[in-house]
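Text of model28.cif (mmCIF, C-alpha atoms, pLDDT in the B column; chains and numbers go by the auth columns) as supplied:
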data_data
loop_
_atom_site.group_PDB
_atom_site.id
_atom_site.type_symbol
_atom_site.label_atom_id
_atom_site.label_comp_id
_atom_site.label_asym_id
_atom_site.label_seq_id
_atom_site.Cartn_x
_atom_site.Cartn_y
_atom_site.Cartn_z
_atom_site.B_iso_or_equiv
_atom_site.auth_seq_id
_atom_site.auth_asym_id
ATOM 1 C CA SER A 1 73.068 25.210 45.767 73.00 1 L
ATOM 2 C CA VAL A 2 70.668 27.045 48.042 79.00 2 L
ATOM 3 C CA GLU A 3 71.500 28.613 51.390 83.00 3 L
ATOM 4 C CA ARG A 4 68.829 29.458 53.955 84.00 4 L
ATOM 5 C CA GLN A 5 69.351 32.154 56.586 85.00 5 L
ATOM 6 C CA LEU A 6 67.203 33.433 59.425 84.00 6 L
ATOM 7 C CA ASP A 7 66.264 37.094 59.052 84.00 7 L
ATOM 8 C CA PHE A 8 65.690 39.017 62.285 83.00 8 L
ATOM 9 C CA SER A 9 65.385 42.449 60.667 84.00 9 L
ATOM 10 C CA ASP A 10 61.698 42.788 61.655 84.00 10 L
ATOM 11 C CA ALA A 11 62.176 41.358 65.162 84.00 11 L
ATOM 12 C CA GLY A 12 62.409 44.779 66.814 84.00 12 L
ATOM 13 C CA LYS A 13 59.074 45.891 65.372 83.00 13 L
ATOM 14 C CA ALA A 14 57.440 42.591 66.352 81.00 14 L
ATOM 15 C CA VAL A 15 58.721 42.848 69.942 83.00 15 L
ATOM 16 C CA SER A 16 57.466 46.437 70.146 83.00 16 L
ATOM 17 C CA ARG A 17 54.001 45.332 68.999 78.00 17 L
ATOM 18 C CA PHE A 18 54.151 42.409 71.455 78.00 18 L
ATOM 19 C CA ILE A 19 54.971 44.703 74.394 79.00 19 L
ATOM 20 C CA ALA A 20 52.420 47.346 73.346 79.00 20 L
ATOM 21 C CA ASN A 21 49.594 44.782 73.073 74.00 21 L
ATOM 22 C CA ARG A 22 47.999 44.644 76.537 67.00 22 L
ATOM 23 C CA ASN A 23 45.410 42.082 75.472 66.00 23 L
ATOM 24 C CA ARG A 24 47.962 39.446 74.502 66.00 24 L
ATOM 25 C CA ARG A 25 46.959 35.870 74.883 67.00 25 L
ATOM 26 C CA LEU A 26 50.100 33.938 75.769 64.00 26 L
ATOM 27 C CA PHE A 27 48.518 30.592 76.402 65.00 27 L
ATOM 28 C CA SER A 28 45.635 30.513 73.928 66.00 28 L
ATOM 29 C CA MET A 29 45.588 27.625 71.506 69.00 29 L
ATOM 30 C CA THR A 30 44.442 29.726 68.576 68.00 30 L
ATOM 31 C CA SER A 31 46.172 31.663 65.850 69.00 31 L
ATOM 32 C CA GLU A 32 45.905 34.722 68.108 71.00 32 L
ATOM 33 C CA ASN A 33 48.553 33.334 70.488 73.00 33 L
ATOM 34 C CA ALA A 34 50.899 36.242 71.243 73.00 34 L
ATOM 35 C CA LEU A 35 54.081 34.156 71.210 73.00 35 L
ATOM 36 C CA ILE A 36 53.268 32.558 67.868 74.00 36 L
ATOM 37 C CA THR A 37 52.445 35.976 66.435 76.00 37 L
ATOM 38 C CA LEU A 38 55.736 37.351 67.784 75.00 38 L
ATOM 39 C CA LEU A 39 57.746 34.551 66.178 76.00 39 L
ATOM 40 C CA SER A 40 55.899 34.626 62.864 78.00 40 L
ATOM 41 C CA GLU A 41 56.237 38.411 62.515 79.00 41 L
ATOM 42 C CA GLY A 42 59.756 38.753 63.944 79.00 42 L
ATOM 43 C CA VAL A 43 61.612 35.902 62.294 81.00 43 L
ATOM 44 C CA SER A 44 61.619 35.039 58.612 82.00 44 L
ATOM 45 C CA THR A 45 63.926 33.061 56.357 83.00 45 L
ATOM 46 C CA ARG A 46 65.907 34.253 53.390 84.00 46 L
ATOM 47 C CA VAL A 47 66.783 31.912 50.552 85.00 47 L
ATOM 48 C CA LYS A 48 69.965 32.688 48.683 83.00 48 L
ATOM 49 C CA SER A 49 71.234 30.879 45.594 83.00 49 L
ATOM 50 C CA ILE A 50 74.942 30.157 45.552 81.00 50 L
ATOM 51 C CA ASP A 51 76.747 29.631 42.270 84.00 51 L
ATOM 52 C CA SER A 52 79.585 27.356 43.361 84.00 52 L
ATOM 53 C CA LYS A 53 81.003 27.064 39.857 87.00 53 L
ATOM 54 C CA ARG A 54 81.284 30.849 39.540 88.00 54 L
ATOM 55 C CA ASP A 55 82.868 31.101 43.005 88.00 55 L
ATOM 56 C CA LEU A 56 85.385 28.411 42.056 89.00 56 L
ATOM 57 C CA GLU A 57 86.195 30.144 38.762 91.00 57 L
ATOM 58 C CA ASP A 58 86.690 33.460 40.576 92.00 58 L
ATOM 59 C CA SER A 59 89.041 31.816 43.079 93.00 59 L
ATOM 60 C CA LEU A 60 91.000 30.122 40.289 90.00 60 L
ATOM 61 C CA ARG A 61 91.242 33.379 38.327 92.00 61 L
ATOM 62 C CA SER A 62 92.489 35.187 41.421 94.00 62 L
ATOM 63 C CA ALA A 63 95.083 32.484 42.138 91.00 63 L
ATOM 64 C CA CYS A 64 96.317 32.594 38.524 89.00 64 L
ATOM 65 C CA ASN A 65 96.593 36.392 38.614 92.00 65 L
ATOM 66 C CA ASP A 66 98.543 36.194 41.889 94.00 66 L
ATOM 67 C CA PHE A 67 100.853 33.577 40.361 90.00 67 L
ATOM 68 C CA ILE A 68 101.475 35.726 37.292 90.00 68 L
ATOM 69 C CA GLU A 69 102.158 38.807 39.415 92.00 69 L
ATOM 70 C CA ASN A 70 104.524 36.989 41.788 90.00 70 L
ATOM 71 C CA THR A 71 106.336 35.286 38.906 90.00 71 L
ATOM 72 C CA SER A 72 106.748 38.587 37.064 89.00 72 L
ATOM 73 C CA ILE A 73 108.172 40.239 40.170 88.00 73 L
ATOM 74 C CA SER A 74 110.446 37.279 40.798 87.00 74 L
ATOM 75 C CA LEU A 75 111.790 37.242 37.245 88.00 75 L
ATOM 76 C CA ALA A 76 112.022 40.943 36.484 88.00 76 L
ATOM 77 C CA GLY A 77 112.135 42.587 39.923 88.00 77 L
ATOM 78 C CA PRO A 78 115.126 44.888 39.342 88.00 78 L
ATOM 79 C CA VAL A 79 113.819 46.012 35.950 91.00 79 L
ATOM 80 C CA LEU A 80 110.337 46.675 37.353 91.00 80 L
ATOM 81 C CA THR A 81 111.832 48.712 40.204 90.00 81 L
ATOM 82 C CA PHE A 82 113.866 50.731 37.703 90.00 82 L
ATOM 83 C CA VAL A 83 110.793 51.359 35.535 90.00 83 L
ATOM 84 C CA GLU A 84 108.800 52.486 38.599 90.00 84 L
ATOM 85 C CA LYS A 85 111.579 54.966 39.459 88.00 85 L
ATOM 86 C CA CYS A 86 111.432 56.323 35.931 87.00 86 L
ATOM 87 C CA LYS A 87 107.648 56.619 36.049 87.00 87 L
ATOM 88 C CA GLY A 88 107.821 58.406 39.393 86.00 88 L
ATOM 89 C CA VAL A 89 110.259 61.026 38.157 84.00 89 L
ATOM 90 C CA SER A 90 108.415 61.430 34.860 81.00 90 L
ATOM 91 C CA SER A 91 105.014 61.930 36.482 81.00 91 L
ATOM 92 C CA ALA A 92 106.448 64.299 39.104 80.00 92 L
ATOM 93 C CA ASN A 93 107.768 66.505 36.304 77.00 93 L
ATOM 94 C CA GLY A 94 104.703 66.429 34.081 76.00 94 L
ATOM 95 C CA GLY A 95 106.070 63.776 31.736 68.00 95 L
ATOM 96 C CA GLU A 96 109.085 65.882 30.752 71.00 96 L
ATOM 97 C CA SER A 97 111.852 63.591 29.446 67.00 97 L
ATOM 98 C CA SER A 98 114.678 66.052 30.155 70.00 98 L
ATOM 99 C CA ALA A 99 113.999 65.721 33.901 75.00 99 L
ATOM 100 C CA LEU A 100 114.362 61.957 33.603 78.00 100 L
ATOM 101 C CA SER A 101 117.679 62.084 31.757 78.00 101 L
ATOM 102 C CA SER A 102 119.203 64.289 34.455 80.00 102 L
ATOM 103 C CA GLN A 103 118.559 61.732 37.228 83.00 103 L
ATOM 104 C CA SER A 104 121.563 59.997 38.795 83.00 104 L
ATOM 105 C CA PHE A 105 120.073 56.529 38.236 85.00 105 L
ATOM 106 C CA MET A 106 119.861 57.142 34.476 85.00 106 L
ATOM 107 C CA ASN A 107 123.593 56.771 33.869 86.00 107 L
ATOM 108 C CA ALA A 108 124.670 53.907 31.615 88.00 108 L
ATOM 109 C CA GLU A 109 126.551 52.059 34.353 91.00 109 L
ATOM 110 C CA TYR A 110 123.520 51.899 36.658 90.00 110 L
ATOM 111 C CA VAL A 111 121.191 50.758 33.855 90.00 111 L
ATOM 112 C CA LEU A 112 123.719 48.075 32.841 93.00 112 L
ATOM 113 C CA THR A 113 123.918 46.901 36.486 92.00 113 L
ATOM 114 C CA VAL A 114 120.126 46.647 36.718 91.00 114 L
ATOM 115 C CA MET A 115 119.883 44.672 33.478 92.00 115 L
ATOM 116 C CA THR A 116 122.796 42.397 34.400 92.00 116 L
ATOM 117 C CA ARG A 117 121.247 41.658 37.797 90.00 117 L
ATOM 118 C CA ALA A 118 117.934 40.829 36.099 91.00 118 L
ATOM 119 C CA LEU A 119 119.611 38.526 33.576 91.00 119 L
ATOM 120 C CA ASP A 120 121.633 36.794 36.310 91.00 120 L
ATOM 121 C CA ARG A 121 118.427 36.044 38.237 89.00 121 L
ATOM 122 C CA LEU A 122 116.479 34.939 35.179 90.00 122 L
ATOM 123 C CA GLU A 123 117.881 31.433 34.615 89.00 123 L
ATOM 124 C CA PRO A 124 117.797 30.209 38.236 91.00 124 L
ATOM 125 C CA GLU A 125 114.344 31.715 38.808 91.00 125 L
ATOM 126 C CA LEU A 126 112.968 30.166 35.608 92.00 126 L
ATOM 127 C CA GLY A 127 114.392 26.796 36.668 91.00 127 L
ATOM 128 C CA GLU A 128 112.680 27.052 40.060 91.00 128 L
ATOM 129 C CA ILE A 129 109.379 28.106 38.491 90.00 129 L
ATOM 130 C CA ASN A 130 109.605 25.266 35.983 91.00 130 L
ATOM 131 C CA THR A 131 110.270 22.763 38.793 90.00 131 L
ATOM 132 C CA GLN A 132 107.334 24.014 40.853 87.00 132 L
ATOM 133 C CA MET A 133 104.963 24.036 37.890 87.00 133 L
ATOM 134 C CA SER A 134 105.967 20.534 36.814 89.00 134 L
ATOM 135 C CA LEU A 135 105.239 19.256 40.346 85.00 135 L
ATOM 136 C CA TYR A 136 101.799 20.776 40.097 81.00 136 L
ATOM 137 C CA MET A 137 101.095 19.648 36.540 84.00 137 L
ATOM 138 C CA GLU A 138 102.249 16.057 37.138 83.00 138 L
ATOM 139 C CA SER A 139 100.173 15.652 40.295 77.00 139 L
ATOM 140 C CA ALA A 140 97.197 13.303 39.967 79.00 140 L
ATOM 141 C CA ALA A 141 95.109 15.695 42.070 77.00 141 L
ATOM 142 C CA THR A 142 95.327 18.455 39.428 72.00 142 L
ATOM 143 C CA ARG A 143 94.280 16.409 36.424 67.00 143 L
#
Show the structure stored in the file as structure tokens.
Amino acid sequence: SVERQLDFSDAGKAVSRFIANRNRRLFSMTSENALITLLSEGVSTRVKSIDSKRDLEDSLRSACNDFIENTSISLAGPVLTFVEKCKGVSSANGGESSALSSQSFMNAEYVLTVMTRALDRLEPELGEINTQMSLYMESAATR
């Protein structure tokens, strides 16, 4: 589709010329009419093509990426948090693995707790996601 917009970027220059012109003819019925000249020089239109299909695809892609990100966080939140902690310590120490192994959160009991919590959340979260997706997929509006 095509969108038309008024462009007033040259209006300031046109008004300056209008004010500076002492011989302006406000009421003449010719092409030298000062008001017509002011409007024709100060206001123009811009035509802009809009690709609605591309805009729709971009919006859909963004919504899908948001869904994937939120679902990943919902399903693997504790594991992702643990991995971020590990990355933080590793990058703070120049990637040295010995610094990571000396951290208090790297003991076997803590890692087992994180993994158990993630596994306990997995089944109920997957069930909820499956329910929500089936509502969407079975809707006549989305076919």
Please write the residues picked by the PyMOL selection byres ((chain L and resi 2) around 10) on this file as an mmCIF file with C-alpha atoms, keeping the file's coordinate frame.
data_model
loop_
_atom_site.group_PDB
_atom_site.id
_atom_site.type_symbol
_atom_site.label_atom_id
_atom_site.label_comp_id
_atom_site.auth_asym_id
_atom_site.auth_seq_id
_atom_site.Cartn_x
_atom_site.Cartn_y
_atom_site.Cartn_z
ATOM 1 C CA SER L 1 73.068 25.210 45.767
ATOM 2 C CA GLU L 3 71.500 28.613 51.390
ATOM 3 C CA ARG L 4 68.829 29.458 53.955
ATOM 4 C CA VAL L 47 66.783 31.912 50.552
ATOM 5 C CA LYS L 48 69.965 32.688 48.683
ATOM 6 C CA SER L 49 71.234 30.879 45.594
ATOM 7 C CA ILE L 50 74.942 30.157 45.552
ATOM 8 C CA ASP L 51 76.747 29.631 42.270
#
Worksheet item: Contacts of segment 124-137 of chain L at 10 Å or less, counting only C-alpha atoms, minus same-chain residues fewer than 6 places along, as a ChimeraX atom specification?
Response: /L:71,74-76,143
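Residues surrounding Ser102 of chain L within 12 Å are Cys86, Val89, Ser90, Asn93 and Glu96 of chain L [only C-alpha atoms; sequence separation below 6 positions excluded].
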Could the residues in this selection be written to a file with C-alpha atoms, as a tab-separated table (two decimals), in the frame of the given file?
chain	number	residue	atom	x	y	z
L	86	CYS	CA	111.43	56.32	35.93
L	89	VAL	CA	110.26	61.03	38.16
L	90	SER	CA	108.42	61.43	34.86
L	93	ASN	CA	107.77	66.50	36.30
L	96	GLU	CA	109.08	65.88	30.75
Item to complete: Spell out the residues picked by the PyMOL selection byres ((chain L and resi 9-23) around 9) here, as a VMD selection string.
Response: chain L and resid 7 to 8 24 to 25 34 to 35 37 to 44
Worksheet item: atom CA of Ser59 of chain L and atom CA of Thr81 of chain L, how far apart in Å?
Response: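 Atom CA of Thr81 of chain L sits 28.5 Å away from atom CA of Ser59 of chain L.
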Worksheet item: Please, what distance in Å, to one decimal, runs between atom CA of Gly77 of chain L and atom CA of Ala118 of chain L?
Response: 7.2 Å
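Rounded to one decimal, atom CA of Asp66 of chain L and atom CA of Glu123 of chain L lie 21.2 Å from each other.
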Worksheet item: Residues at most 12 Å from Met106 of chain L, counting all atoms listed in the file, excluding those fewer than 3 positions away in the same chain, as an MDAnalysis selection string?
Response: chainID L and resid 82:83 85:86 89 97:103 109:114
